[in-house]
>>> print(open('my_file_30.txt').read())   # compact mmCIF, C-alpha atoms
# COMPACT_ATOMS: atom_id res chain seq x y z
CA MET A 1 -213.07 162.16 -0.28
CA PRO A 2 -210.40 163.22 -2.76
CA THR A 3 -209.64 160.80 -5.54
CA GLU A 4 -206.42 158.87 -5.36
CA THR A 5 -204.77 160.75 -8.19
CA ASN A 6 -206.15 164.28 -8.34
CA GLU A 7 -206.41 165.92 -4.97
CA PRO A 8 -203.82 165.67 -2.24
CA LEU A 9 -204.65 163.39 0.66
CA SER A 10 -204.40 164.67 4.21
CA ILE A 11 -204.87 163.23 7.67
CA ASP A 12 -208.59 163.76 7.13
CA ASP A 13 -208.35 160.85 4.68
CA LEU A 14 -206.87 158.42 7.21
CA LYS A 15 -209.17 155.65 8.41
CA PHE A 16 -209.35 155.46 12.16
CA ASP A 17 -211.03 152.32 13.52
CA ASP A 18 -214.32 152.10 15.46
CA SER A 19 -212.45 153.21 18.58
CA GLY A 20 -211.02 156.22 16.77
CA LEU A 21 -207.53 154.71 16.63
CA ILE A 22 -204.97 153.91 13.96
CA PRO A 23 -202.05 151.52 14.50
CA ALA A 24 -198.60 153.07 14.16
CA VAL A 25 -195.51 151.01 13.41
CA ILE A 26 -192.54 152.81 14.93
CA GLN A 27 -189.29 152.21 13.10
CA ASP A 28 -185.75 153.42 13.81
CA HIS A 29 -185.03 155.90 11.02
CA GLU A 30 -181.47 154.70 10.54
CA THR A 31 -181.49 150.95 11.13
CA LEU A 32 -185.16 150.54 10.09
CA GLU A 33 -185.61 148.12 12.98
CA VAL A 34 -189.25 148.00 14.10
CA LEU A 35 -189.13 149.35 17.64
CA MET A 36 -192.77 149.08 18.70
CA VAL A 37 -196.36 149.18 17.49
CA ALA A 38 -198.81 151.41 19.31
CA TYR A 39 -202.07 153.21 18.61
CA MET A 40 -202.74 156.85 17.84
CA SER A 41 -205.96 158.77 18.18
CA ARG A 42 -206.53 161.73 15.91
CA GLU A 43 -205.47 163.93 18.83
CA SER A 44 -202.25 162.01 19.46
CA LEU A 45 -201.38 162.07 15.75
CA GLU A 46 -201.93 165.83 15.63
CA LYS A 47 -199.78 166.24 18.74
CA THR A 48 -197.11 164.02 17.17
CA ILE A 49 -197.06 166.19 14.04
CA ALA A 50 -197.14 169.47 15.96
CA THR A 51 -194.36 168.59 18.42
CA GLY A 52 -192.23 166.24 16.34
CA LEU A 53 -192.38 163.73 19.22
CA THR A 54 -194.51 160.57 19.23
CA HIS A 55 -197.74 160.58 21.24
CA PHE A 56 -200.14 157.65 21.49
CA TRP A 57 -203.40 156.47 22.98
CA SER A 58 -203.25 153.68 25.54
CA ARG A 59 -206.12 151.26 24.93
CA SER A 60 -205.87 149.67 28.36
CA ARG A 61 -205.42 152.84 30.36
CA GLN A 62 -207.71 154.79 28.02
CA GLN A 63 -205.44 157.76 28.06
CA PHE A 64 -203.25 159.91 25.91
CA TRP A 65 -199.55 159.38 26.48
CA LYS A 66 -196.30 160.89 25.33
CA LYS A 67 -193.60 158.35 24.58
CA GLY A 68 -190.65 158.98 26.91
CA GLY A 69 -192.71 161.17 29.24
CA THR A 70 -191.53 159.10 32.23
CA SER A 71 -188.39 157.38 30.98
CA GLY A 72 -186.99 160.23 28.94
CA ASN A 73 -186.81 157.87 25.97
CA LEU A 74 -188.53 160.26 23.59
CA GLN A 75 -188.94 159.53 19.91
CA ARG A 76 -188.12 162.37 17.51
CA VAL A 77 -190.18 161.99 14.36
CA LYS A 78 -188.26 161.90 11.08
CA SER A 79 -191.02 160.88 8.66
CA ILE A 80 -194.58 159.59 8.64
CA TYR A 81 -196.11 157.26 6.04
CA THR A 82 -199.48 155.67 5.46
CA ASP A 83 -200.52 152.79 3.24
CA ILE A 84 -201.69 153.72 -0.22
CA CYS A 85 -204.25 150.88 -0.24
CA ASP A 86 -206.44 151.60 2.77
CA ARG A 87 -204.81 154.45 4.71
CA ASP A 88 -205.60 152.61 7.91
CA THR A 89 -202.07 152.17 9.29
CA LEU A 90 -199.12 154.49 9.90
CA VAL A 91 -195.38 153.92 9.75
CA VAL A 92 -193.41 156.48 11.72
CA ARG A 93 -189.64 156.63 11.42
CA VAL A 94 -188.00 158.07 14.52
CA GLU A 95 -184.76 158.80 16.27
CA GLN A 96 -185.07 156.81 19.50
CA VAL A 97 -183.63 158.87 22.35
CA GLY A 98 -181.90 156.73 24.99
CA GLY A 99 -181.52 153.77 22.67
CA ALA A 100 -184.49 151.76 23.93
CA ALA A 101 -188.13 151.87 22.92
CA CYS A 102 -189.42 148.99 25.03
CA HIS A 103 -190.44 149.58 28.62
CA GLU A 104 -188.93 146.20 29.46
CA GLY A 105 -185.55 147.80 28.72
CA TYR A 106 -185.00 146.32 25.28
CA ARG A 107 -184.03 148.36 22.27
CA SER A 108 -187.04 147.00 20.37
CA CYS A 109 -190.22 145.51 21.78
CA PHE A 110 -189.85 142.77 19.14
CA SER A 111 -187.21 140.92 21.08
CA LEU A 112 -188.80 137.48 21.04
CA GLN A 113 -188.00 135.39 17.98
CA LEU A 114 -189.78 132.20 16.99
CA GLN A 115 -187.40 129.26 16.92
CA ASP A 116 -187.50 126.00 14.97
CA ASP A 117 -188.84 124.22 18.05
CA ALA A 118 -191.91 126.53 18.00
CA THR A 119 -190.89 128.45 21.10
CA PHE A 120 -189.92 132.10 21.35
CA ALA A 121 -186.40 133.01 22.48
CA VAL A 122 -185.19 136.42 23.62
CA VAL A 123 -182.93 137.87 20.94
CA GLY A 124 -182.95 141.59 21.68
CA GLU A 125 -180.47 143.71 23.48
CA LYS A 126 -181.41 144.96 26.95
CA VAL A 127 -180.41 148.59 27.16
CA PHE A 128 -181.69 149.57 30.61
CA ASP A 129 -183.08 148.05 33.81
CA PRO A 130 -186.82 148.80 33.97
CA GLU A 131 -186.79 148.91 37.77
CA THR A 132 -184.37 151.81 37.72
CA VAL A 133 -186.46 153.74 35.25
CA TYR A 134 -190.03 152.95 36.25
CA GLY A 135 -189.80 151.49 39.78
CA SER A 136 -190.05 147.99 41.17
CA ASP A 137 -193.22 146.84 39.41
CA ALA A 138 -191.92 147.60 35.96
CA GLY A 139 -190.66 144.13 35.24
CA ALA A 140 -194.13 142.63 35.45
CA GLY A 141 -196.28 142.32 32.36
CA SER A 142 -197.76 145.67 31.56
CA GLY A 143 -201.10 144.37 30.40
CA GLN A 144 -201.58 147.77 28.90
CA GLY A 145 -202.35 146.54 25.43
CA ASN A 146 -199.73 148.52 23.65
CA ALA A 147 -196.10 148.19 23.01
CA SER A 148 -194.41 150.51 25.36
CA ARG A 149 -194.78 152.81 28.30
CA PRO A 150 -194.30 156.53 28.86
CA MET B 1 -199.22 131.02 31.30
CA PRO B 2 -195.48 130.49 31.51
CA THR B 3 -193.51 133.08 33.40
CA GLU B 4 -191.38 135.44 31.38
CA THR B 5 -188.11 133.92 32.45
CA ASN B 6 -188.62 130.24 33.22
CA GLU B 7 -190.71 128.44 30.67
CA PRO B 8 -190.44 128.96 26.96
CA LEU B 9 -193.21 130.93 25.31
CA SER B 10 -195.00 129.53 22.29
CA ILE B 11 -197.73 130.69 19.95
CA ASP B 12 -200.18 129.61 22.65
CA ASP B 13 -198.94 132.65 24.57
CA LEU B 14 -199.74 135.14 21.81
CA LYS B 15 -202.68 137.44 22.43
CA PHE B 16 -205.16 137.40 19.61
CA ASP B 17 -207.79 140.16 19.75
CA ASP B 18 -211.54 139.76 20.26
CA SER B 19 -211.88 138.79 16.61
CA GLY B 20 -209.17 136.15 16.98
CA LEU B 21 -206.64 138.18 15.01
CA ILE B 22 -203.14 139.51 15.58
CA PRO B 23 -201.58 142.30 13.48
CA ALA B 24 -198.47 141.32 11.54
CA VAL B 25 -195.95 143.88 10.33
CA ILE B 26 -194.32 142.48 7.20
CA GLN B 27 -190.78 143.67 6.68
CA ASP B 28 -188.30 143.01 3.87
CA HIS B 29 -185.64 140.82 5.47
CA GLU B 30 -182.77 142.59 3.73
CA THR B 31 -183.74 146.25 3.46
CA LEU B 32 -185.99 146.13 6.58
CA GLU B 33 -188.50 148.29 4.72
CA VAL B 34 -192.02 147.78 6.08
CA LEU B 35 -193.91 146.28 3.15
CA MET B 36 -197.41 145.91 4.60
CA VAL B 37 -199.41 145.32 7.75
CA ALA B 38 -202.08 142.64 7.70
CA TYR B 39 -203.87 140.39 10.18
CA MET B 40 -203.36 136.74 11.01
CA SER B 41 -205.75 134.34 12.61
CA ARG B 42 -204.32 131.45 14.58
CA GLU B 43 -204.96 129.28 11.52
CA SER B 44 -203.16 131.65 9.14
CA LEU B 45 -200.21 131.92 11.52
CA GLU B 46 -199.96 128.14 11.74
CA LYS B 47 -200.16 127.88 7.96
CA THR B 48 -197.48 130.59 7.66
CA ILE B 49 -195.17 128.63 9.96
CA ALA B 50 -195.91 125.28 8.33
CA THR B 51 -195.42 126.44 4.73
CA GLY B 52 -192.86 129.20 5.16
CA LEU B 53 -195.14 131.51 3.15
CA THR B 54 -197.28 134.28 4.63
CA HIS B 55 -201.01 133.67 5.03
CA PHE B 56 -203.48 136.17 6.48
CA TRP B 57 -207.09 136.73 7.39
CA SER B 58 -208.99 139.37 5.44
CA ARG B 59 -211.20 141.34 7.82
CA SER B 60 -213.36 142.79 5.05
CA ARG B 61 -213.76 139.62 3.03
CA GLN B 62 -213.80 137.47 6.17
CA GLN B 63 -211.59 134.88 4.60
CA PHE B 64 -208.25 133.23 4.81
CA TRP B 65 -205.83 134.29 2.11
CA LYS B 66 -202.38 133.37 0.91
CA LYS B 67 -200.22 136.34 -0.01
CA GLY B 68 -199.30 136.05 -3.68
CA GLY B 69 -201.97 133.43 -4.37
CA THR B 70 -203.25 135.48 -7.32
CA SER B 71 -200.33 137.75 -8.19
CA GLY B 72 -197.54 135.25 -7.61
CA ASN B 73 -195.94 137.79 -5.27
CA LEU B 74 -195.42 135.28 -2.48
CA GLN B 75 -193.57 136.14 0.72
CA ARG B 76 -191.01 133.61 1.92
CA VAL B 77 -190.70 133.82 5.70
CA LYS B 78 -187.22 134.40 7.09
CA SER B 79 -188.02 135.11 10.75
CA ILE B 80 -190.96 135.82 13.03
CA TYR B 81 -190.90 138.02 16.14
CA THR B 82 -193.38 139.11 18.77
CA ASP B 83 -193.26 141.90 21.31
CA ILE B 84 -191.89 140.97 24.68
CA CYS B 85 -194.29 143.36 26.46
CA ASP B 86 -197.72 142.15 25.41
CA ARG B 87 -197.22 139.48 22.72
CA ASP B 88 -200.09 141.02 20.79
CA THR B 89 -198.29 141.94 17.55
CA LEU B 90 -196.03 140.06 15.13
CA VAL B 91 -193.14 141.23 12.97
CA VAL B 92 -192.45 138.89 10.06
CA ARG B 93 -189.33 139.36 7.97
CA VAL B 94 -189.74 138.03 4.45
CA GLU B 95 -188.22 137.73 1.03
CA GLN B 96 -190.76 139.46 -1.21
CA VAL B 97 -191.09 137.49 -4.45
CA GLY B 98 -191.72 139.74 -7.47
CA GLY B 99 -190.46 142.83 -5.73
CA ALA B 100 -193.84 144.28 -4.77
CA ALA B 101 -196.01 143.66 -1.72
CA CYS B 102 -198.77 146.18 -2.43
CA HIS B 103 -201.67 145.23 -4.63
CA GLU B 104 -201.56 148.77 -6.03
CA GLY B 105 -198.25 147.78 -7.64
CA TYR B 106 -195.93 149.50 -5.21
CA ARG B 107 -193.01 147.79 -3.57
CA SER B 108 -194.37 148.77 -0.14
CA CYS B 109 -197.92 149.68 0.79
CA PHE B 110 -196.41 152.56 2.80
CA SER B 111 -195.85 154.71 -0.26
CA LEU B 112 -197.60 157.85 0.94
CA GLN B 113 -195.41 160.20 2.96
CA LEU B 114 -196.69 163.12 5.00
CA GLN B 115 -195.26 166.40 3.75
CA ASP B 116 -194.65 169.71 5.51
CA ASP B 117 -197.85 171.10 4.02
CA ALA B 118 -199.83 168.34 5.84
CA THR B 119 -200.66 166.43 2.66
CA PHE B 120 -199.49 162.96 1.69
CA ALA B 121 -197.33 162.55 -1.43
CA VAL B 122 -196.57 159.32 -3.25
CA VAL B 123 -192.95 158.39 -2.62
CA GLY B 124 -192.87 154.69 -3.39
CA GLU B 125 -191.73 152.87 -6.46
CA LYS B 126 -194.41 151.31 -8.65
CA VAL B 127 -193.21 147.88 -9.66
CA PHE B 128 -196.17 146.52 -11.59
CA ASP B 129 -199.44 147.63 -13.16
CA PRO B 130 -202.30 146.28 -11.03
CA GLU B 131 -204.61 145.96 -14.03
CA THR B 132 -202.26 143.50 -15.65
CA VAL B 133 -202.05 141.39 -12.52
CA TYR B 134 -205.54 141.55 -11.05
CA GLY B 135 -207.78 142.84 -13.88
CA SER B 136 -209.37 146.17 -14.61
CA ASP B 137 -210.88 146.94 -11.20
CA ALA B 138 -207.60 146.60 -9.35
CA GLY B 139 -206.74 150.27 -9.37
CA ALA B 140 -209.78 151.17 -7.30
CA GLY B 141 -209.62 151.31 -3.53
CA SER B 142 -209.68 147.80 -2.19
CA GLY B 143 -211.81 148.60 0.82
CA GLN B 144 -210.71 145.27 2.14
CA GLY B 145 -209.38 146.56 5.40
CA ASN B 146 -205.96 145.14 5.06
CA ALA B 147 -202.82 146.08 3.32
CA SER B 148 -202.56 143.89 0.34
CA ARG B 149 -204.32 141.40 -1.88
CA PRO B 150 -203.68 137.78 -2.84
>>> encode(input="my_file_30.txt", output="structure tokens")
Amino acid sequence: MPTETNEPLSIDDLKFDDSGLIPAVIQDHETLEVLMVAYMSRESLEKTIATGLTHFWSRSRQQFWKKGGTSGNLQRVKSIYTDICDRDTLVVRVEQVGGAACHEGYRSCFSLQLQDDATFAVVGEKVFDPETVYGSDAGAGSGQGNASRP
Amino acid sequence: MPTETNEPLSIDDLKFDDSGLIPAVIQDHETLEVLMVAYMSRESLEKTIATGLTHFWSRSRQQFWKKGGTSGNLQRVKSIYTDICDRDTLVVRVEQVGGAACHEGYRSCFSLQLQDDATFAVVGEKVFDPETVYGSDAGAGSGQGNASRP
């Protein structure tokens, strides 16, 4: 492995976990709002870099997916970062097409805020109706183990 | 489990992984820069809420840790969010005491940016010298499997 100071690091130096995945924090490139967190395989990261559009690996469905493949809410990649300490996490800044990253119709998946009474309240803005975009079962919990949906 | 619309959700409704952990994206509450990603156990989340200071679980050291416990670079919690889809990730907005979250001395751990030539370049601002804060071995890779250090 290259040293931290002498040789340039590449995606070969990223640390994928035992399942071959790396978490990716997806952030709006202008507002810096965190839109979602999902997981990339080496293949989905390479596809993300090659196409300039985010691609992930669904842990629950065990399949490769392109963000916005169904909804049209693509994410155009503006910049990709990793952590200098462990290189085991990515931050990807994107332009969110359609204004909503969350398959529940919210701009950000992180639309539940902890309140002083220890409950979570919805604080995000709902941009679209999931039923219109994904069909009538879209409002139910996805149980897919990642933040969004194609 | 409460339904999504009727009963308020609480931290009992968060989904911790098989190791009892939930990833937490730590974001500067003013600039919204992502400072680090680390993992919380139920205990460290409760301690974070109770004290208003971030606490984590180190996967490599298998121990509870308080951010800034050694360096003094505490994180004062401003708000906590979870994802409305799966409730398996947290976003915590903080005031970063001391101006640097990364134990390598950078403001953000995400100080390596992917370049057009497919290598990562350092883009972040180094705020402190790790040797001064942690001692002479601090510059080496932490291998601790999370983003920062006490």
>>> closest_atom_pairs(input="my_file_30.txt", of="chain B", to="chain A", cutoff="8 Å", atoms="all atoms listed in the file", output="CSV")
residue,atom,partner,partner_atom,distance
B:Pro8,CA,A:Thr119,CA,5.9
B:Leu9,CA,A:Phe120,CA,5.3
B:Ser10,CA,A:Thr119,CA,4.4
B:Ile11,CA,A:Thr119,CA,7.3
B:Val25,CA,A:Val25,CA,7.8
B:Leu32,CA,A:Leu32,CA,5.7
B:Glu33,CA,A:Leu32,CA,6.7
B:Val34,CA,A:Val91,CA,7.9
B:Met36,CA,A:Asp83,CA,7.7
B:Val37,CA,A:Thr89,CA,7.5
B:Ser79,CA,A:Leu114,CA,7.1
B:Ile80,CA,A:Leu114,CA,5.5
B:Tyr81,CA,A:Gln113,CA,4.3
B:Thr82,CA,A:Phe110,CA,5.1
B:Asp83,CA,A:Phe110,CA,4.1
B:Ile84,CA,A:Cys109,CA,5.6
B:Cys85,CA,A:Ala147,CA,6.2
B:Asp86,CA,A:Gly145,CA,6.4
B:Asp88,CA,A:Gly145,CA,7.6
B:Thr89,CA,A:Val37,CA,7.5
B:Leu90,CA,A:Phe110,CA,7.8
B:Val91,CA,A:Phe110,CA,7.2
B:Cys102,CA,A:Cys85,CA,7.5
B:His103,CA,A:Cys85,CA,7.6
B:Glu104,CA,A:Cys85,CA,6.7
B:Cys109,CA,A:Asp83,CA,4.7
B:Phe110,CA,A:Asp83,CA,4.1
B:Ser111,CA,A:Ile84,CA,5.9
B:Leu112,CA,A:Tyr81,CA,5.3
B:Gln113,CA,A:Tyr81,CA,4.3
B:Leu114,CA,A:Ile80,CA,5.5
B:Ala118,CA,A:Ser10,CA,6.1
B:Thr119,CA,A:Ser10,CA,4.4
B:Phe120,CA,A:Leu9,CA,5.3
B:Ala121,CA,A:Pro8,CA,7.2
B:Gly141,CA,A:Cys85,CA,6.3
B:Ser142,CA,A:Cys85,CA,6.5
B:Gly143,CA,A:Asp86,CA,6.5
B:Gln144,CA,A:Asp86,CA,7.7
B:Gly145,CA,A:Asp86,CA,6.4
B:Asn146,CA,A:Asp86,CA,6.9
B:Ala147,CA,A:Cys85,CA,6.1
B:Ser148,CA,A:Cys85,CA,7.2
>>> calpha_fit_and_write(input="my_file_30.txt", fixed="chain B", moving="chain A", output="CSV table (one decimal) with C-alpha atoms, keeping the file's coordinate frame")
chain,number,residue,atom,x,y,z
A,1,MET,CA,-199.3,130.9,31.3
A,2,PRO,CA,-195.5,130.4,31.6
A,3,THR,CA,-193.6,133.0,33.4
A,4,GLU,CA,-191.5,135.4,31.4
A,5,THR,CA,-188.2,134.0,32.5
A,6,ASN,CA,-188.6,130.3,33.2
A,7,GLU,CA,-190.7,128.5,30.7
A,8,PRO,CA,-190.4,129.0,26.9
A,9,LEU,CA,-193.2,130.9,25.3
A,10,SER,CA,-195.0,129.5,22.3
A,11,ILE,CA,-197.7,130.7,20.0
A,12,ASP,CA,-200.2,129.6,22.6
A,13,ASP,CA,-198.9,132.6,24.6
A,14,LEU,CA,-199.7,135.1,21.8
A,15,LYS,CA,-202.7,137.4,22.4
A,16,PHE,CA,-205.1,137.4,19.6
A,17,ASP,CA,-207.8,140.2,19.8
A,18,ASP,CA,-211.5,139.8,20.3
A,19,SER,CA,-211.9,138.8,16.6
A,20,GLY,CA,-209.2,136.1,17.0
A,21,LEU,CA,-206.6,138.2,15.0
A,22,ILE,CA,-203.1,139.5,15.6
A,23,PRO,CA,-201.6,142.3,13.5
A,24,ALA,CA,-198.5,141.3,11.5
A,25,VAL,CA,-195.9,143.9,10.3
A,26,ILE,CA,-194.3,142.5,7.2
A,27,GLN,CA,-190.8,143.7,6.7
A,28,ASP,CA,-188.3,143.0,3.9
A,29,HIS,CA,-185.6,140.8,5.5
A,30,GLU,CA,-182.8,142.6,3.7
A,31,THR,CA,-183.7,146.2,3.5
A,32,LEU,CA,-186.0,146.1,6.6
A,33,GLU,CA,-188.5,148.3,4.7
A,34,VAL,CA,-192.0,147.8,6.1
A,35,LEU,CA,-193.9,146.3,3.2
A,36,MET,CA,-197.4,145.9,4.6
A,37,VAL,CA,-199.4,145.3,7.8
A,38,ALA,CA,-202.1,142.6,7.7
A,39,TYR,CA,-203.9,140.4,10.2
A,40,MET,CA,-203.3,136.7,11.0
A,41,SER,CA,-205.7,134.3,12.6
A,42,ARG,CA,-204.3,131.4,14.6
A,43,GLU,CA,-205.0,129.3,11.5
A,44,SER,CA,-203.2,131.6,9.2
A,45,LEU,CA,-200.2,131.9,11.5
A,46,GLU,CA,-200.0,128.1,11.8
A,47,LYS,CA,-200.2,127.9,8.0
A,48,THR,CA,-197.5,130.6,7.7
A,49,ILE,CA,-195.2,128.6,10.0
A,50,ALA,CA,-195.9,125.3,8.3
A,51,THR,CA,-195.4,126.4,4.7
A,52,GLY,CA,-192.9,129.2,5.2
A,53,LEU,CA,-195.1,131.5,3.1
A,54,THR,CA,-197.3,134.3,4.6
A,55,HIS,CA,-201.0,133.7,5.0
A,56,PHE,CA,-203.5,136.2,6.5
A,57,TRP,CA,-207.1,136.7,7.4
A,58,SER,CA,-209.0,139.4,5.5
A,59,ARG,CA,-211.2,141.3,7.8
A,60,SER,CA,-213.4,142.8,5.1
A,61,ARG,CA,-213.8,139.6,3.1
A,62,GLN,CA,-213.8,137.5,6.2
A,63,GLN,CA,-211.6,134.9,4.6
A,64,PHE,CA,-208.3,133.2,4.8
A,65,TRP,CA,-205.8,134.3,2.1
A,66,LYS,CA,-202.4,133.4,0.9
A,67,LYS,CA,-200.2,136.3,0.0
A,68,GLY,CA,-199.3,136.0,-3.7
A,69,GLY,CA,-202.0,133.4,-4.4
A,70,THR,CA,-203.3,135.5,-7.3
A,71,SER,CA,-200.3,137.8,-8.2
A,72,GLY,CA,-197.5,135.3,-7.6
A,73,ASN,CA,-195.9,137.8,-5.3
A,74,LEU,CA,-195.4,135.3,-2.5
A,75,GLN,CA,-193.6,136.1,0.7
A,76,ARG,CA,-191.0,133.6,1.9
A,77,VAL,CA,-190.7,133.8,5.7
A,78,LYS,CA,-187.2,134.4,7.1
A,79,SER,CA,-188.0,135.1,10.7
A,80,ILE,CA,-190.9,135.8,13.0
A,81,TYR,CA,-190.9,138.0,16.1
A,82,THR,CA,-193.4,139.1,18.8
A,83,ASP,CA,-193.2,141.9,21.3
A,84,ILE,CA,-191.9,141.0,24.7
A,85,CYS,CA,-194.3,143.4,26.4
A,86,ASP,CA,-197.7,142.2,25.4
A,87,ARG,CA,-197.2,139.5,22.7
A,88,ASP,CA,-200.1,141.0,20.8
A,89,THR,CA,-198.3,141.9,17.6
A,90,LEU,CA,-196.0,140.1,15.1
A,91,VAL,CA,-193.1,141.2,13.0
A,92,VAL,CA,-192.4,138.9,10.1
A,93,ARG,CA,-189.3,139.4,8.0
A,94,VAL,CA,-189.7,138.0,4.4
A,95,GLU,CA,-188.2,137.7,1.0
A,96,GLN,CA,-190.8,139.5,-1.2
A,97,VAL,CA,-191.1,137.5,-4.4
A,98,GLY,CA,-191.7,139.7,-7.5
A,99,GLY,CA,-190.5,142.8,-5.7
A,100,ALA,CA,-193.8,144.3,-4.8
A,101,ALA,CA,-196.0,143.7,-1.7
A,102,CYS,CA,-198.8,146.2,-2.4
A,103,HIS,CA,-201.7,145.3,-4.7
A,104,GLU,CA,-201.5,148.8,-6.1
A,105,GLY,CA,-198.2,147.8,-7.7
A,106,TYR,CA,-195.9,149.5,-5.2
A,107,ARG,CA,-193.0,147.8,-3.6
A,108,SER,CA,-194.3,148.8,-0.1
A,109,CYS,CA,-197.9,149.7,0.8
A,110,PHE,CA,-196.4,152.6,2.8
A,111,SER,CA,-195.9,154.7,-0.3
A,112,LEU,CA,-197.6,157.9,0.9
A,113,GLN,CA,-195.4,160.2,3.0
A,114,LEU,CA,-196.7,163.1,5.0
A,115,GLN,CA,-195.3,166.4,3.8
A,116,ASP,CA,-194.6,169.7,5.5
A,117,ASP,CA,-197.9,171.1,4.0
A,118,ALA,CA,-199.8,168.3,5.8
A,119,THR,CA,-200.7,166.4,2.7
A,120,PHE,CA,-199.5,163.0,1.7
A,121,ALA,CA,-197.3,162.6,-1.4
A,122,VAL,CA,-196.6,159.3,-3.3
A,123,VAL,CA,-193.0,158.4,-2.6
A,124,GLY,CA,-192.9,154.7,-3.4
A,125,GLU,CA,-191.7,152.9,-6.5
A,126,LYS,CA,-194.4,151.3,-8.7
A,127,VAL,CA,-193.2,147.9,-9.6
A,128,PHE,CA,-196.2,146.5,-11.6
A,129,ASP,CA,-199.4,147.6,-13.2
A,130,PRO,CA,-202.3,146.3,-11.0
A,131,GLU,CA,-204.6,146.0,-14.0
A,132,THR,CA,-202.3,143.5,-15.7
A,133,VAL,CA,-202.0,141.4,-12.5
A,134,TYR,CA,-205.5,141.6,-11.1
A,135,GLY,CA,-207.8,142.9,-13.9
A,136,SER,CA,-209.4,146.2,-14.6
A,137,ASP,CA,-210.9,146.9,-11.2
A,138,ALA,CA,-207.7,146.6,-9.4
A,139,GLY,CA,-206.8,150.2,-9.4
A,140,ALA,CA,-209.8,151.2,-7.3
A,141,GLY,CA,-209.6,151.3,-3.6
A,142,SER,CA,-209.7,147.8,-2.2
A,143,GLY,CA,-211.8,148.6,0.8
A,144,GLN,CA,-210.7,145.3,2.1
A,145,GLY,CA,-209.3,146.6,5.4
A,146,ASN,CA,-205.9,145.1,5.0
A,147,ALA,CA,-202.8,146.0,3.3
A,148,SER,CA,-202.6,143.9,0.3
A,149,ARG,CA,-204.3,141.4,-1.9
A,150,PRO,CA,-203.7,137.8,-2.8
>>> axis_aligned_box(input="my_file_30.txt", around="segment 118-137 of chain A", padding_each_side="8 Å", output="AutoDock Vina command-line options")
--center_x -186.8 --center_y 140.1 --center_z 29.6 --size_x 28.8 --size_y 43.2 --size_z 39.2
>>> atom_distance(input="my_file_30.txt", atom1="atom CA of Arg76 of chain B", atom2="atom CA of Arg107 of chain B")
15.3 Å
>>> atom_distance(input="my_file_30.txt", atom1="atom CA of Gln75 of chain B", atom2="atom CA of Arg93 of chain B")
9.0 Å
>>> atom_distance(input="my_file_30.txt", atom1="atom CA of Ala101 of chain B", atom2="atom CA of Gly72 of chain B")
10.4 Å
>>> residues_near_point(input="my_file_30.txt", point="(-215.0, 134.4, 17.6)", cutoff="12 Å", atoms="only C-alpha atoms", output="list of chain:residue names")
B:Phe16, B:Asp17, B:Asp18, B:Ser19, B:Gly20, B:Leu21, B:Ser41, B:Arg42, B:Gln62
>>> residues_around(input="my_file_30.txt", residues="Asn73 of chain B", least_positions_apart="3", cutoff="9 Å", atoms="only C-alpha atoms", output="VMD selection string")
chain B and resid 67 to 70 96 to 101 150
>>> build_atoms(input="my_file_30.txt", residues="segment 35-45 of chain B", atoms="N, CA and C atoms", output="PDB file, in the coordinates of the input")
ATOM      1  N   LEU B  35    -193.213 146.501   4.418  1.00  0.00           N
ATOM      2  CA  LEU B  35    -193.910 146.280   3.150  1.00  0.00           C
ATOM      3  C   LEU B  35    -195.419 146.414   3.299  1.00  0.00           C
ATOM      4  N   MET B  36    -195.961 145.887   4.391  1.00  0.00           N
ATOM      5  CA  MET B  36    -197.410 145.910   4.600  1.00  0.00           C
ATOM      6  C   MET B  36    -197.699 145.554   6.051  1.00  0.00           C
ATOM      7  N   VAL B  37    -198.918 145.807   6.458  1.00  0.00           N
ATOM      8  CA  VAL B  37    -199.410 145.320   7.750  1.00  0.00           C
ATOM      9  C   VAL B  37    -200.720 144.608   7.458  1.00  0.00           C
ATOM     10  N   ALA B  38    -200.839 143.385   7.910  1.00  0.00           N
ATOM     11  CA  ALA B  38    -202.080 142.640   7.700  1.00  0.00           C
ATOM     12  C   ALA B  38    -202.353 141.827   8.971  1.00  0.00           C
ATOM     13  N   TYR B  39    -203.431 141.079   8.967  1.00  0.00           N
ATOM     14  CA  TYR B  39    -203.870 140.390  10.180  1.00  0.00           C
ATOM     15  C   TYR B  39    -203.824 138.889   9.993  1.00  0.00           C
ATOM     16  N   MET B  40    -203.392 138.205  11.030  1.00  0.00           N
ATOM     17  CA  MET B  40    -203.360 136.740  11.010  1.00  0.00           C
ATOM     18  C   MET B  40    -204.303 136.181  12.054  1.00  0.00           C
ATOM     19  N   SER B  41    -205.030 135.160  11.649  1.00  0.00           N
ATOM     20  CA  SER B  41    -205.750 134.340  12.610  1.00  0.00           C
ATOM     21  C   SER B  41    -204.772 133.281  13.120  1.00  0.00           C
ATOM     22  N   ARG B  42    -205.177 132.550  14.112  1.00  0.00           N
ATOM     23  CA  ARG B  42    -204.320 131.450  14.580  1.00  0.00           C
ATOM     24  C   ARG B  42    -204.040 130.481  13.422  1.00  0.00           C
ATOM     25  N   GLU B  43    -205.097 130.198  12.649  1.00  0.00           N
ATOM     26  CA  GLU B  43    -204.960 129.280  11.520  1.00  0.00           C
ATOM     27  C   GLU B  43    -203.968 129.824  10.480  1.00  0.00           C
ATOM     28  N   SER B  44    -204.063 131.122  10.176  1.00  0.00           N
ATOM     29  CA  SER B  44    -203.160 131.650   9.140  1.00  0.00           C
ATOM     30  C   SER B  44    -201.726 131.721   9.660  1.00  0.00           C
ATOM     31  N   LEU B  45    -201.557 131.962  10.950  1.00  0.00           N
ATOM     32  CA  LEU B  45    -200.210 131.920  11.520  1.00  0.00           C
ATOM     33  C   LEU B  45    -199.630 130.510  11.440  1.00  0.00           C
TER      34      LEU B  45
END
